[in-house]
>>> print(open('query.txt').read())   # compact mmCIF, C-alpha atoms and all ligand atoms
# COMPACT_ATOMS: atom_id res chain seq x y z
CA MET Z 1 135.81 114.62 179.86
CA GLY Z 2 136.80 110.92 180.02
CA LEU Z 3 139.50 109.15 178.10
CA ILE Z 4 138.56 105.82 176.59
CA VAL Z 5 140.76 103.29 174.80
CA GLN Z 6 138.89 101.12 172.32
CA LYS Z 7 140.45 98.20 170.49
CA TYR Z 8 139.01 96.73 167.29
CA GLY Z 9 140.03 93.23 166.15
CA GLY Z 10 140.76 92.02 162.64
CA SER Z 11 137.27 90.76 161.81
CA SER Z 12 135.82 94.15 162.84
CA LEU Z 13 138.09 95.83 160.28
CA ALA Z 14 137.98 93.20 157.55
CA ASP Z 15 136.79 95.47 154.71
CA VAL Z 16 136.07 99.07 153.77
CA GLU Z 17 132.49 99.01 155.06
CA LYS Z 18 133.59 97.56 158.41
CA ILE Z 19 136.29 100.21 158.74
CA ARG Z 20 133.61 102.84 158.08
CA ASN Z 21 131.49 101.27 160.83
CA VAL Z 22 134.40 101.55 163.28
CA ALA Z 23 135.02 105.15 162.19
CA ARG Z 24 131.36 106.00 162.94
CA ARG Z 25 131.59 104.34 166.36
CA VAL Z 26 134.73 106.14 167.49
CA ILE Z 27 133.39 109.46 166.23
CA ALA Z 28 130.19 108.88 168.24
CA LEU Z 29 132.29 108.20 171.34
CA LYS Z 30 134.24 111.41 170.80
CA GLU Z 31 131.05 113.39 170.24
CA LYS Z 32 129.83 112.26 173.65
CA GLY Z 33 132.70 114.31 175.06
CA ASN Z 34 135.40 111.67 175.40
CA GLN Z 35 139.01 111.70 174.35
CA VAL Z 36 139.43 108.61 172.20
CA VAL Z 37 142.41 106.37 171.54
CA VAL Z 38 141.71 103.49 169.17
CA VAL Z 39 143.95 100.44 168.89
CA VAL Z 40 143.59 98.41 165.71
CA SER Z 41 144.50 94.90 164.57
CA ALA Z 42 145.37 93.98 161.01
CA MET Z 43 142.43 93.66 158.57
CA GLY Z 44 140.80 90.19 158.52
CA SER Z 45 143.37 87.45 158.04
CA THR Z 46 146.18 89.79 156.91
CA THR Z 47 148.64 88.53 159.56
CA ASP Z 48 148.23 84.92 158.38
CA GLU Z 49 148.61 86.02 154.76
CA LEU Z 50 151.82 87.92 155.53
CA LEU Z 51 153.15 84.88 157.38
CA SER Z 52 152.48 82.56 154.48
CA LEU Z 53 154.07 85.04 152.06
CA ALA Z 54 157.29 84.90 154.07
CA ARG Z 55 157.11 81.11 154.21
CA GLN Z 56 157.08 80.93 150.45
CA PHE Z 57 160.80 81.77 150.66
CA THR Z 58 161.75 79.55 153.62
CA SER Z 59 160.03 77.50 156.30
CA ASP Z 60 162.09 79.33 158.91
CA PRO Z 61 162.14 83.05 158.08
CA ASP Z 62 164.45 85.42 159.96
CA GLU Z 63 162.69 86.53 163.15
CA ARG Z 64 163.59 90.20 162.83
CA GLU Z 65 162.35 90.50 159.26
CA LEU Z 66 159.20 88.54 160.10
CA ASP Z 67 158.32 91.04 162.83
CA VAL Z 68 158.90 93.98 160.47
CA LEU Z 69 156.61 92.27 157.96
CA LEU Z 70 153.84 91.32 160.41
CA SER Z 71 153.77 94.77 162.01
CA THR Z 72 152.75 96.29 158.67
CA GLY Z 73 149.27 94.72 158.85
CA GLU Z 74 148.33 96.89 161.83
CA VAL Z 75 149.97 99.95 160.25
CA VAL Z 76 147.76 99.58 157.18
CA SER Z 77 144.55 99.42 159.21
CA SER Z 78 145.57 102.34 161.44
CA ALA Z 79 146.13 104.61 158.44
CA LEU Z 80 142.91 103.46 156.74
CA LEU Z 81 140.86 104.08 159.89
CA ALA Z 82 142.39 107.55 160.29
CA ILE Z 83 141.55 108.30 156.64
CA ALA Z 84 137.98 107.01 157.16
CA VAL Z 85 137.49 109.23 160.24
CA GLN Z 86 138.89 112.24 158.38
CA SER Z 87 136.58 111.54 155.43
CA MET Z 88 133.67 111.94 157.86
CA GLY Z 89 134.87 115.40 158.80
CA HIS Z 90 136.71 114.63 162.07
CA LYS Z 91 140.33 114.94 163.08
CA ALA Z 92 142.36 111.74 163.37
CA VAL Z 93 145.98 110.70 163.28
CA SER Z 94 147.55 107.24 163.03
CA LEU Z 95 150.63 106.21 165.01
CA ASN Z 96 152.66 103.02 164.79
CA GLY Z 97 153.72 101.25 168.00
CA GLY Z 98 157.03 103.09 168.29
CA GLN Z 99 155.43 106.50 167.66
CA ALA Z 100 152.80 105.70 170.27
CA GLY Z 101 155.58 105.05 172.80
CA ILE Z 102 155.19 101.28 173.15
CA GLN Z 103 158.66 100.28 174.30
CA ALA Z 104 159.26 96.55 174.26
CA GLU Z 105 161.93 94.04 175.10
CA ALA Z 106 164.13 92.71 172.31
CA SER Z 107 162.40 89.38 171.83
CA TYR Z 108 161.01 88.80 168.37
CA SER Z 109 157.48 87.48 167.87
CA ARG Z 110 156.65 87.41 171.59
CA ALA Z 111 158.04 90.64 173.05
CA ARG Z 112 156.72 91.98 176.32
CA ILE Z 113 156.02 95.65 176.82
CA ARG Z 114 158.70 97.28 179.02
CA ALA Z 115 157.22 100.74 179.27
CA VAL Z 116 154.73 103.04 177.60
CA VAL Z 117 155.80 106.63 176.95
CA PRO Z 118 152.71 108.15 175.41
CA ARG Z 119 153.99 111.74 174.91
CA ARG Z 120 152.97 111.84 171.28
CA ILE Z 121 149.50 110.46 172.06
CA TRP Z 122 148.92 113.20 174.63
CA SER Z 123 149.95 115.92 172.21
CA GLU Z 124 147.73 114.53 169.43
CA LEU Z 125 144.78 114.26 171.85
CA GLY Z 126 145.50 117.84 172.87
CA GLU Z 127 145.11 118.85 169.19
CA GLY Z 128 141.63 117.31 169.25
CA ASN Z 129 142.52 114.18 167.29
CA ILE Z 130 141.10 110.71 167.55
CA VAL Z 131 144.37 108.83 167.92
CA VAL Z 132 144.59 105.52 166.06
CA VAL Z 133 147.40 103.26 167.25
CA ALA Z 134 148.67 100.20 165.37
CA GLY Z 135 148.38 97.32 167.86
CA PHE Z 136 150.56 94.22 168.34
CA GLN Z 137 153.91 96.00 168.05
CA GLY Z 138 156.54 97.86 169.97
CA ILE Z 139 160.01 99.24 169.56
CA THR Z 140 163.20 98.06 171.26
CA GLU Z 141 166.00 100.20 172.68
CA GLU Z 142 167.83 99.54 169.40
CA MET Z 143 164.81 100.90 167.53
CA ASP Z 144 163.93 97.49 166.11
CA ILE Z 145 160.30 96.61 165.54
CA VAL Z 146 159.03 93.64 167.54
CA THR Z 147 155.59 92.05 167.77
CA LEU Z 148 153.81 91.04 170.96
CA GLY Z 149 152.56 87.55 170.07
CA ARG Z 150 149.42 86.51 168.18
CA GLY Z 151 146.38 88.33 169.48
CA GLY Z 152 148.67 90.96 171.02
CA SER Z 153 146.67 94.04 170.03
CA ASP Z 154 144.54 93.44 173.13
CA THR Z 155 147.72 93.86 175.17
CA THR Z 156 148.60 97.12 173.39
CA ALA Z 157 145.13 98.43 174.27
CA VAL Z 158 145.19 97.54 177.95
CA ALA Z 159 148.78 98.78 178.40
CA LEU Z 160 147.85 102.10 176.77
CA ALA Z 161 144.69 102.40 178.86
CA VAL Z 162 146.76 101.93 182.02
CA SER Z 163 149.48 104.37 181.06
CA LEU Z 164 147.00 107.04 179.93
CA GLY Z 165 144.93 106.58 183.08
CA ALA Z 166 141.90 105.81 180.89
CA GLU Z 167 138.44 105.46 182.37
CA ALA Z 168 138.06 102.08 180.70
CA CYS Z 169 139.41 99.84 178.01
CA HIS Z 170 136.93 98.43 175.50
CA ILE Z 171 137.88 95.32 173.53
CA CYS Z 172 135.50 95.38 170.57
CA THR Z 173 135.20 92.12 168.68
CA ASP Z 174 132.97 89.88 166.57
CA VAL Z 175 131.06 88.32 169.50
CA GLU Z 176 128.99 90.06 172.18
CA GLY Z 177 131.33 89.40 175.09
CA VAL Z 178 132.92 86.53 176.99
CA TYR Z 179 130.78 83.40 176.88
CA THR Z 180 130.70 80.25 178.98
CA ALA Z 181 132.45 78.57 176.01
CA ASP Z 182 133.40 79.54 172.48
CA PRO Z 183 129.96 80.39 171.00
CA ARG Z 184 131.15 79.08 167.62
CA LEU Z 185 131.50 75.62 169.13
CA VAL Z 186 128.64 75.64 171.63
CA PRO Z 187 125.51 77.40 170.35
CA GLU Z 188 123.97 77.23 173.88
CA ALA Z 189 126.93 79.12 175.38
CA ARG Z 190 125.75 81.99 177.59
CA LYS Z 191 127.22 85.47 177.65
CA LEU Z 192 128.64 86.38 181.06
CA GLY Z 193 127.76 89.80 182.45
CA GLU Z 194 131.06 89.92 184.29
CA ILE Z 195 134.06 87.79 185.09
CA ASP Z 196 137.01 88.35 187.39
CA TYR Z 197 140.59 88.78 186.25
CA ASP Z 198 141.79 85.42 187.57
CA GLU Z 199 139.07 83.45 185.85
CA MET Z 200 139.54 85.38 182.60
CA LEU Z 201 143.28 84.87 182.78
CA GLU Z 202 142.84 81.10 183.01
CA MET Z 203 140.22 81.12 180.24
CA ALA Z 204 142.52 83.14 177.96
CA THR Z 205 145.66 81.18 178.77
CA TYR Z 206 143.85 77.91 178.10
CA GLY Z 207 142.51 78.94 174.72
CA ALA Z 208 139.58 81.40 174.92
CA LYS Z 209 141.08 83.66 172.30
CA VAL Z 210 138.57 86.43 172.83
CA MET Z 211 141.25 88.02 175.10
CA HIS Z 212 145.04 87.90 174.95
CA PRO Z 213 146.29 86.50 178.30
CA ARG Z 214 148.86 89.24 178.82
CA ALA Z 215 146.20 91.90 178.35
CA VAL Z 216 144.27 90.37 181.25
CA GLU Z 217 147.46 90.17 183.30
CA ILE Z 218 148.11 93.89 182.86
CA GLY Z 219 144.48 94.71 183.58
CA LYS Z 220 144.69 92.76 186.82
CA LEU Z 221 148.00 94.26 187.86
CA TYR Z 222 146.73 97.84 187.46
CA ASN Z 223 143.07 97.19 188.18
CA MET Z 224 141.94 98.46 184.78
CA PRO Z 225 138.35 97.43 184.01
CA ILE Z 226 138.12 95.79 180.58
CA LEU Z 227 134.83 95.68 178.72
CA VAL Z 228 134.60 93.03 176.00
CA ALA Z 229 131.83 94.05 173.62
CA CYS Z 230 130.58 93.69 170.06
CA SER Z 231 131.83 95.97 167.26
CA PHE Z 232 128.54 95.73 165.42
CA ASN Z 233 125.89 96.55 168.04
CA ASP Z 234 125.47 98.22 171.42
CA SER Z 235 124.72 95.19 173.58
CA PRO Z 236 126.24 95.54 177.04
CA GLY Z 237 129.17 93.07 176.76
CA THR Z 238 131.18 91.47 179.56
CA LEU Z 239 133.05 93.42 182.22
CA ILE Z 240 136.36 91.91 183.32
CA HIS Z 241 137.22 93.31 186.71
CA GLY Z 242 138.66 92.56 190.12
CA GLY Z 243 135.54 92.44 192.27
CA THR Z 244 134.02 89.17 193.35
CA THR Z 245 131.59 87.88 190.81
CA VAL Z 246 127.94 87.90 191.63
CA GLU Z 247 127.10 84.89 189.52
CA LEU Z 248 128.43 82.37 192.00
CA GLY Z 249 125.51 79.96 191.71
CA ASN Z 250 127.39 77.78 189.28
CA LYS Z 251 130.94 77.29 190.38
CA VAL Z 252 132.28 76.43 186.95
CA ARG Z 253 132.24 79.71 185.01
CA GLY Z 254 133.40 78.49 181.65
CA VAL Z 255 134.98 75.88 179.44
CA ALA Z 256 138.04 76.80 177.39
CA HIS Z 257 139.65 74.82 174.62
CA ASP Z 258 142.89 74.95 172.68
CA LEU Z 259 143.71 72.99 169.54
CA ASN Z 260 147.32 74.11 169.28
CA VAL Z 261 148.78 71.33 171.45
CA ALA Z 262 151.55 68.79 170.94
CA LYS Z 263 153.44 66.53 173.31
CA VAL Z 264 157.01 65.37 173.63
CA THR Z 265 157.89 62.21 175.55
CA VAL Z 266 161.48 61.54 176.54
CA LEU Z 267 161.85 57.80 177.04
CA GLY Z 268 164.03 56.03 179.57
CA VAL Z 269 165.34 59.09 181.37
CA PRO Z 270 167.84 58.38 184.16
CA ASP Z 271 166.17 59.51 187.40
CA ARG Z 272 168.80 61.80 188.88
CA PRO Z 273 168.95 65.43 189.96
CA GLY Z 274 169.51 68.04 187.26
CA ILE Z 275 167.97 66.14 184.35
CA ALA Z 276 164.80 68.22 184.19
CA ALA Z 277 166.81 71.44 184.29
CA THR Z 278 169.08 70.18 181.48
CA LEU Z 279 166.00 69.62 179.34
CA PHE Z 280 163.90 72.65 180.14
CA GLU Z 281 166.49 75.42 180.41
CA PRO Z 282 167.35 75.40 176.69
CA LEU Z 283 163.63 75.34 175.82
CA ALA Z 284 163.03 78.39 178.01
CA GLN Z 285 166.00 80.16 176.46
CA ALA Z 286 164.50 79.55 173.02
CA GLY Z 287 161.27 81.20 174.21
CA ILE Z 288 159.30 77.94 174.08
CA SER Z 289 156.77 77.77 176.80
CA VAL Z 290 156.26 74.30 178.23
CA ASP Z 291 152.88 73.63 179.71
CA THR Z 292 151.94 70.39 181.41
CA ILE Z 293 154.85 68.22 182.57
CA VAL Z 294 154.34 64.64 183.74
CA GLN Z 295 157.05 62.41 185.08
CA ASN Z 296 156.24 58.82 185.99
CA THR Z 297 157.56 57.13 189.11
CA SER Z 298 160.85 55.57 188.17
CA VAL Z 299 161.43 51.86 187.89
CA ASP Z 300 165.07 50.82 188.39
CA GLY Z 301 166.20 54.45 188.23
CA ILE Z 302 164.64 55.02 184.78
CA THR Z 303 161.54 57.07 184.03
CA ASP Z 304 159.59 58.61 181.13
CA LEU Z 305 158.96 62.34 181.02
CA THR Z 306 156.18 63.91 178.97
CA PHE Z 307 155.48 67.59 178.42
CA THR Z 308 153.28 69.64 176.14
CA VAL Z 309 154.14 72.63 173.96
CA ALA Z 310 152.16 74.65 171.46
CA GLN Z 311 151.94 72.64 168.25
CA SER Z 312 153.42 75.62 166.44
CA ASP Z 313 156.56 75.25 168.62
CA LEU Z 314 156.88 71.47 168.18
CA GLU Z 315 159.47 71.47 165.39
CA LYS Z 316 161.69 73.92 167.24
CA ALA Z 317 161.23 72.05 170.53
CA SER Z 318 162.20 68.68 169.09
CA ARG Z 319 165.26 70.21 167.38
CA ILE Z 320 166.37 71.34 170.85
CA VAL Z 321 165.38 68.25 172.82
CA GLU Z 322 166.72 65.50 170.53
CA PRO Z 323 170.45 66.15 171.04
CA ILE Z 324 169.88 66.55 174.79
CA THR Z 325 168.13 63.19 175.05
CA ARG Z 326 171.29 61.58 173.68
CA SER Z 327 173.59 63.52 175.99
CA ILE Z 328 171.64 62.52 179.11
CA GLY Z 329 171.65 58.86 178.13
CA SER Z 330 167.90 58.45 177.60
CA ARG Z 331 166.33 56.19 174.97
CA GLY Z 332 165.35 59.18 172.81
CA CYS Z 333 162.11 61.07 172.34
CA VAL Z 334 158.82 60.68 170.54
CA THR Z 335 156.45 63.50 169.64
CA ALA Z 336 152.74 63.66 168.88
CA ALA Z 337 150.84 66.55 167.32
CA GLY Z 338 147.11 67.04 166.86
CA LEU Z 339 146.18 67.11 170.53
CA GLY Z 340 143.84 69.51 172.29
CA LYS Z 341 143.16 70.87 175.74
CA VAL Z 342 139.78 71.25 177.39
CA SER Z 343 139.56 73.10 180.68
CA ILE Z 344 136.88 73.91 183.20
CA ILE Z 345 137.46 77.18 185.04
CA GLY Z 346 135.90 78.88 188.05
CA SER Z 347 137.09 80.53 191.28
CA GLY Z 348 134.24 78.79 193.08
CA MET Z 349 135.94 75.43 192.49
CA GLN Z 350 138.68 76.37 194.95
CA ASN Z 351 138.81 73.93 197.86
CA THR Z 352 135.59 72.25 196.70
CA PRO Z 353 135.88 68.53 195.99
CA GLY Z 354 134.07 66.69 193.23
CA TYR Z 355 134.74 68.82 190.16
CA ALA Z 356 137.50 66.62 188.76
CA ALA Z 357 135.36 63.50 189.17
CA ARG Z 358 132.40 65.16 187.40
CA MET Z 359 134.67 66.30 184.58
CA PHE Z 360 136.22 62.86 184.04
CA LYS Z 361 132.80 61.21 184.15
CA ALA Z 362 131.38 63.60 181.53
CA LEU Z 363 134.34 62.93 179.23
CA SER Z 364 134.13 59.19 179.67
CA GLU Z 365 130.39 59.20 178.96
CA ALA Z 366 131.20 61.02 175.73
CA GLY Z 367 133.73 58.28 174.89
CA ILE Z 368 136.71 60.61 175.19
CA ASN Z 369 140.05 59.29 176.42
CA ILE Z 370 142.10 61.57 178.70
CA GLU Z 371 145.84 61.58 177.98
CA ILE Z 372 147.17 64.03 180.57
CA ILE Z 373 145.58 66.02 183.39
CA SER Z 374 146.77 69.29 184.90
CA THR Z 375 145.20 71.60 187.46
CA SER Z 376 145.48 75.00 189.12
CA GLU Z 377 143.42 76.20 192.08
CA ILE Z 378 140.66 77.36 189.78
CA ARG Z 379 141.11 75.15 186.70
CA ILE Z 380 141.17 71.50 185.63
CA THR Z 381 142.60 70.71 182.20
CA CYS Z 382 142.48 67.44 180.27
CA ILE Z 383 144.60 66.79 177.21
CA VAL Z 384 142.68 64.76 174.68
CA ASP Z 385 142.79 63.91 170.98
CA GLY Z 386 142.34 67.16 169.01
CA GLY Z 387 139.50 65.70 166.96
CA LYS Z 388 137.51 65.03 170.14
CA VAL Z 389 137.78 68.60 171.45
CA PRO Z 390 134.46 69.93 170.09
CA ASP Z 391 132.56 66.98 171.62
CA ALA Z 392 134.49 67.35 174.87
CA VAL Z 393 133.65 71.07 175.16
CA ARG Z 394 129.95 70.41 174.51
CA ALA Z 395 129.87 67.49 176.95
CA LEU Z 396 131.42 69.59 179.73
CA HIS Z 397 129.24 72.60 179.00
CA SER Z 398 126.17 70.46 179.41
CA ALA Z 399 127.47 68.41 182.39
CA PHE Z 400 128.05 71.61 184.38
CA GLN Z 401 124.78 73.14 183.09
CA LEU Z 402 126.52 76.29 181.96
CA GLU Z 403 123.65 77.28 179.69
CA GLU Z 404 121.63 78.00 182.84
CA GLU Z 405 122.09 81.25 184.72
P1 LIG Z 501 139.49 89.83 167.35
O1 LIG Z 501 139.86 89.68 165.90
O2 LIG Z 501 138.41 90.81 167.58
O3 LIG Z 501 140.69 90.04 168.23
P2 LIG Z 501 139.45 87.04 168.08
O4 LIG Z 501 139.16 86.14 166.92
O5 LIG Z 501 140.84 87.16 168.54
O6 LIG Z 501 138.82 88.46 167.74
O7 LIG Z 501 138.55 86.63 169.34
C1 LIG Z 501 137.16 86.50 169.20
C2 LIG Z 501 136.80 85.04 169.02
O8 LIG Z 501 137.12 84.34 170.23
C3 LIG Z 501 135.33 84.79 168.85
O9 LIG Z 501 134.96 84.90 167.50
C4 LIG Z 501 135.13 83.38 169.41
O10 LIG Z 501 135.05 82.41 168.39
C5 LIG Z 501 136.43 83.12 170.18
N1 LIG Z 501 136.18 82.65 171.55
C6 LIG Z 501 136.78 81.58 172.12
N2 LIG Z 501 136.32 81.38 173.36
C7 LIG Z 501 135.42 82.37 173.62
C8 LIG Z 501 134.61 82.69 174.74
N3 LIG Z 501 134.66 81.98 175.87
N4 LIG Z 501 133.80 83.76 174.65
C9 LIG Z 501 133.76 84.50 173.53
N5 LIG Z 501 134.49 84.22 172.42
C10 LIG Z 501 135.32 83.18 172.46
N1 LIG Z 502 147.12 90.81 163.89
C1 LIG Z 502 147.68 90.06 164.99
C2 LIG Z 502 147.20 88.63 164.94
O1 LIG Z 502 146.49 88.24 164.03
C3 LIG Z 502 147.42 90.71 166.32
C4 LIG Z 502 145.98 90.81 166.74
O2 LIG Z 502 145.05 90.58 165.95
O3 LIG Z 502 145.74 91.15 167.90
O4 LIG Z 502 147.55 87.84 165.78
MG MG Z 503 142.08 88.76 169.21
>>> encode(input="query.txt", output="C-alpha cells", more="lines below")
Ligand code: ADP
Ligand code: ASP
Ligand code: MG
Amino acid sequence: MGLIVQKYGGSSLADVEKIRNVARRVIALKEKGNQVVVVVSAMGSTTDELLSLARQFTSDPDERELDVLLSTGEVVSSALLAIAVQSMGHKAVSLNGGQAGIQAEASYSRARIRAVVPRRIWSELGEGNIVVVAGFQGITEEMDIVTLGRGGSDTTAVALAVSLGAEACHICTDVEGVYTADPRLVPEARKLGEIDYDEMLEMATYGAKVMHPRAVEIGKLYNMPILVACSFNDSPGTLIHGGTTVELGNKVRGVAHDLNVAKVTVLGVPDRPGIAATLFEPLAQAGISVDTIVQNTSVDGITDLTFTVAQSDLEKASRIVEPITRSIGSRGCVTAAGLGKVSIIGSGMQNTPGYAARMFKALSEAGINIEIISTSEIRITCIVDGGKVPDAVRALHSAFQLEEE
C-alpha cells in the first residue's frame, strides 16, 4: 500500500461544491489502496481577505498576530474537507501545522521548516483516517504559529511527503500542469510533460507561481518526484523530477514573469570597500531579499548602485536604506515601483551562446525597453516596465517557438 501526499490550492477549494470534489478525489485515492495525506490551502482568496481585514486597523500590523490570523484560513479548509469526507462515509481527521509536526524557525511571514515530526500523522493513518493537514504554517520552539510565505502550502506538502517517505507528492491546482508560460497570459502556452528540478526552481523563483520555490528546493534536495496536476480532471500533469529531460529539442523550456518588482537606486555612492555590506546587511536582517544588483563603474570615486526588491517590500526597504544613504555620504536614494521581470529558462542554454541576443532582439522588436539584465547559468532575466510584461512574455514565447513541441 502506497502513501501519497496530495495538496489542493485555494481555487480548488473555493466553495462547498469544490470541497466536495476534493473529498471525492481523496476518497477515490484511498479506495485504490493508498494511505492519503491531504494538504490544503485557504479557500479562494481568504488569505488576501484576512490581510486586508488586519490592514483596516493599521498599515503595519504586528507580525506575530498577522501570522496567527493568516494561519486560520488553512485551518478552516482543513476542517471543512475533513467534514466533507466524513459526510461521504469515510474516516478523516484535520490537523493544523503544529499538530502535524511542522516545526519551523521563528521568523514571521516567511518561516522555513526546521523539521517535520509526523508522529500524530502516522497514528491517524494507522487508525485508517484520511489525514487533512492545514498548509502554509508551522510552530516554533516557543509554540508560536508562523507562516511559510505566500504560496507556502506547496512547501508543507513536499516537506511532509519527504518526511513520510511518500511515493509521490501531487500538487493539485487550477491548471493542468506546468506550462511553457503562464497559460492565463499566453493562450498558446504548451503543457510540459516533465521538467527538471533546476529549471522548475528558476521558473518558480522568477514568478511561475504554480509552484512555491522552496517546495521545489526540498523536492530536489530529497529527490521527491512532484506531480503538478489539475484538481478538476484526470489529465496526466507535469512531473518535476531530477532526471534529464527528454524534451531537449528546444533549449528554452519556459518563460516566467513577475509583476511584484521595484527598484532602489542609491545615487553618488563613494566607491570604497564595505559600502555594499553596510547597505545590504540590514536589509538581509530585516528578511528583505534583494534580487538583481547593478553597480556602475565609478567616475571620480563615485558610483550609482541599483537593486531590486519585491514591490511588497519596497516601503520597508526604503525605510531601512534612507538613513544609511546619509550615513555613507551618498546623494540619497530614489525608488521606482511598477516594474516587472521576464525570464527565459532552460538547462540547454548552458554554455550555448546566442540566447541573450535573441531575447534582446525579440524585446526590442516588441518596442520594450530593458532596464536591468541578470543571468544565471540557465536563465536570462530582463527587468522592464510592469505594463509591458504581458507583451514581453508573448513576444519571447513566440520568438523561441515554445508553442511547438
Ligand atoms: P493554487 O491556488 O492551486 O496554489 P496558484 O494560483 O498558486 O494555485 O498557481 C496556479 C497558477 O499559476 C495558475 O492559475 C497560473 O495562472 C499560474 N502560472 C504561472 N506560471 C505558470 C506556468 N508556467 N504554468 C502553469 N501555471 C502557471
Ligand atoms: N493561503 C496561502 C496564500 O494564499 C498559502 C497557499 O495558498 O499556499 O498564499
Ligand atoms: Mg499556490
>>> residues_around(input="query.txt", residues="region 347-357 of chain Z", least_positions_apart="4", cutoff="8 Å", atoms="all atoms listed in the file", output="list of chain:residue names")
Z:Asp198, Z:Glu199, Z:Leu248, Z:Asn250, Z:Lys251, Z:Val252, Z:Arg253, Z:Lys361, Z:Glu377, Z:Ile378, Z:Arg379, Z:Ile380
>>> residues_around(input="query.txt", residues="Lys7 (chain Z)", least_positions_apart="6", cutoff="12 Å", atoms="only C-alpha atoms", output="PyMOL selection string")
chain Z and resi 13+22+25-26+36-42+74+78+131-136+151-161+168-174+211+215+226-231
>>> atom_distance(input="query.txt", atom1="CA of Gln311 (chain Z)", atom2="atom N4 of ligand LIG 501 (chain Z)")
22.2 Å
>>> atom_distance(input="query.txt", atom1="CA of Ser109 (chain Z)", atom2="CA of Ser318 (chain Z)")
19.4 Å
>>> residues_around(input="query.txt", residues="region 148-150 of chain Z", least_positions_apart="4", cutoff="8 Å", atoms="all atoms listed in the file", output="list in words")
Tyr108, Ser109, Arg110, Ala111, Arg112, Ile113, Phe136, Gln137, Gly138 and Thr155 of chain Z
>>> atom_distance(input="query.txt", atom1="CA of Leu363 (chain Z)", atom2="CA of Ala392 (chain Z)")
6.2 Å
>>> axis_aligned_box(input="query.txt", around="region 351-364 of chain Z", padding_each_side="3 Å", output="AutoDock Vina command-line options")
--center_x 135.1 --center_y 66.6 --center_z 188.5 --size_x 13.4 --size_y 20.7 --size_z 24.6
>>> residues_around(input="query.txt", residues="region 183-192 of chain Z", least_positions_apart="4", cutoff="12 Å", atoms="all atoms listed in the file", output="ChimeraX atom specification")
/Z:174-179,196,199-200,208-210,227-230,235-240,245-248,250,253-258,389-398,400-405
>>> closest_residue(input="query.txt", among="Z:Thr58, Z:Ser12, Z:Ser163, Z:Ser374", to="Trp122 (chain Z)", atoms="all atoms listed in the file")
Z:Ser163
>>> closest_residue(input="query.txt", among="Z:Gly101, Z:Ala204, Z:Gln86, Z:Val117", to="ligand MG 503 (chain Z)", atoms="only C-alpha atoms and all ligand atoms")
Z:Ala204
>>> residues_around(input="query.txt", residues="Gly98 (chain Z)", least_positions_apart="2", cutoff="12 Å", atoms="all atoms listed in the file", output="count of residues only")
34
>>> closest_residue(input="query.txt", among="Z:Leu259, Z:Val76, Z:Leu53, Z:Ile19", to="ligand LIG 502 (chain Z)", atoms="only C-alpha atoms and all ligand atoms")
Z:Val76
>>> closest_residue(input="query.txt", among="Z:Leu201, Z:His212, Z:Ile27, Z:Asp304", to="ligand MG 503 (chain Z)", atoms="only C-alpha atoms and all ligand atoms")
Z:His212
>>> closest_residue(input="query.txt", among="Z:Gly2, Z:Pro323, Z:Pro61, Z:Gly73", to="ligand LIG 502 (chain Z)", atoms="all atoms listed in the file")
Z:Gly73
>>> closest_residue(input="query.txt", among="Z:Gln6, Z:Ser11, Z:Ser327, Z:Ser364", to="ligand MG 503 (chain Z)", atoms="all atoms listed in the file")
Z:Ser11
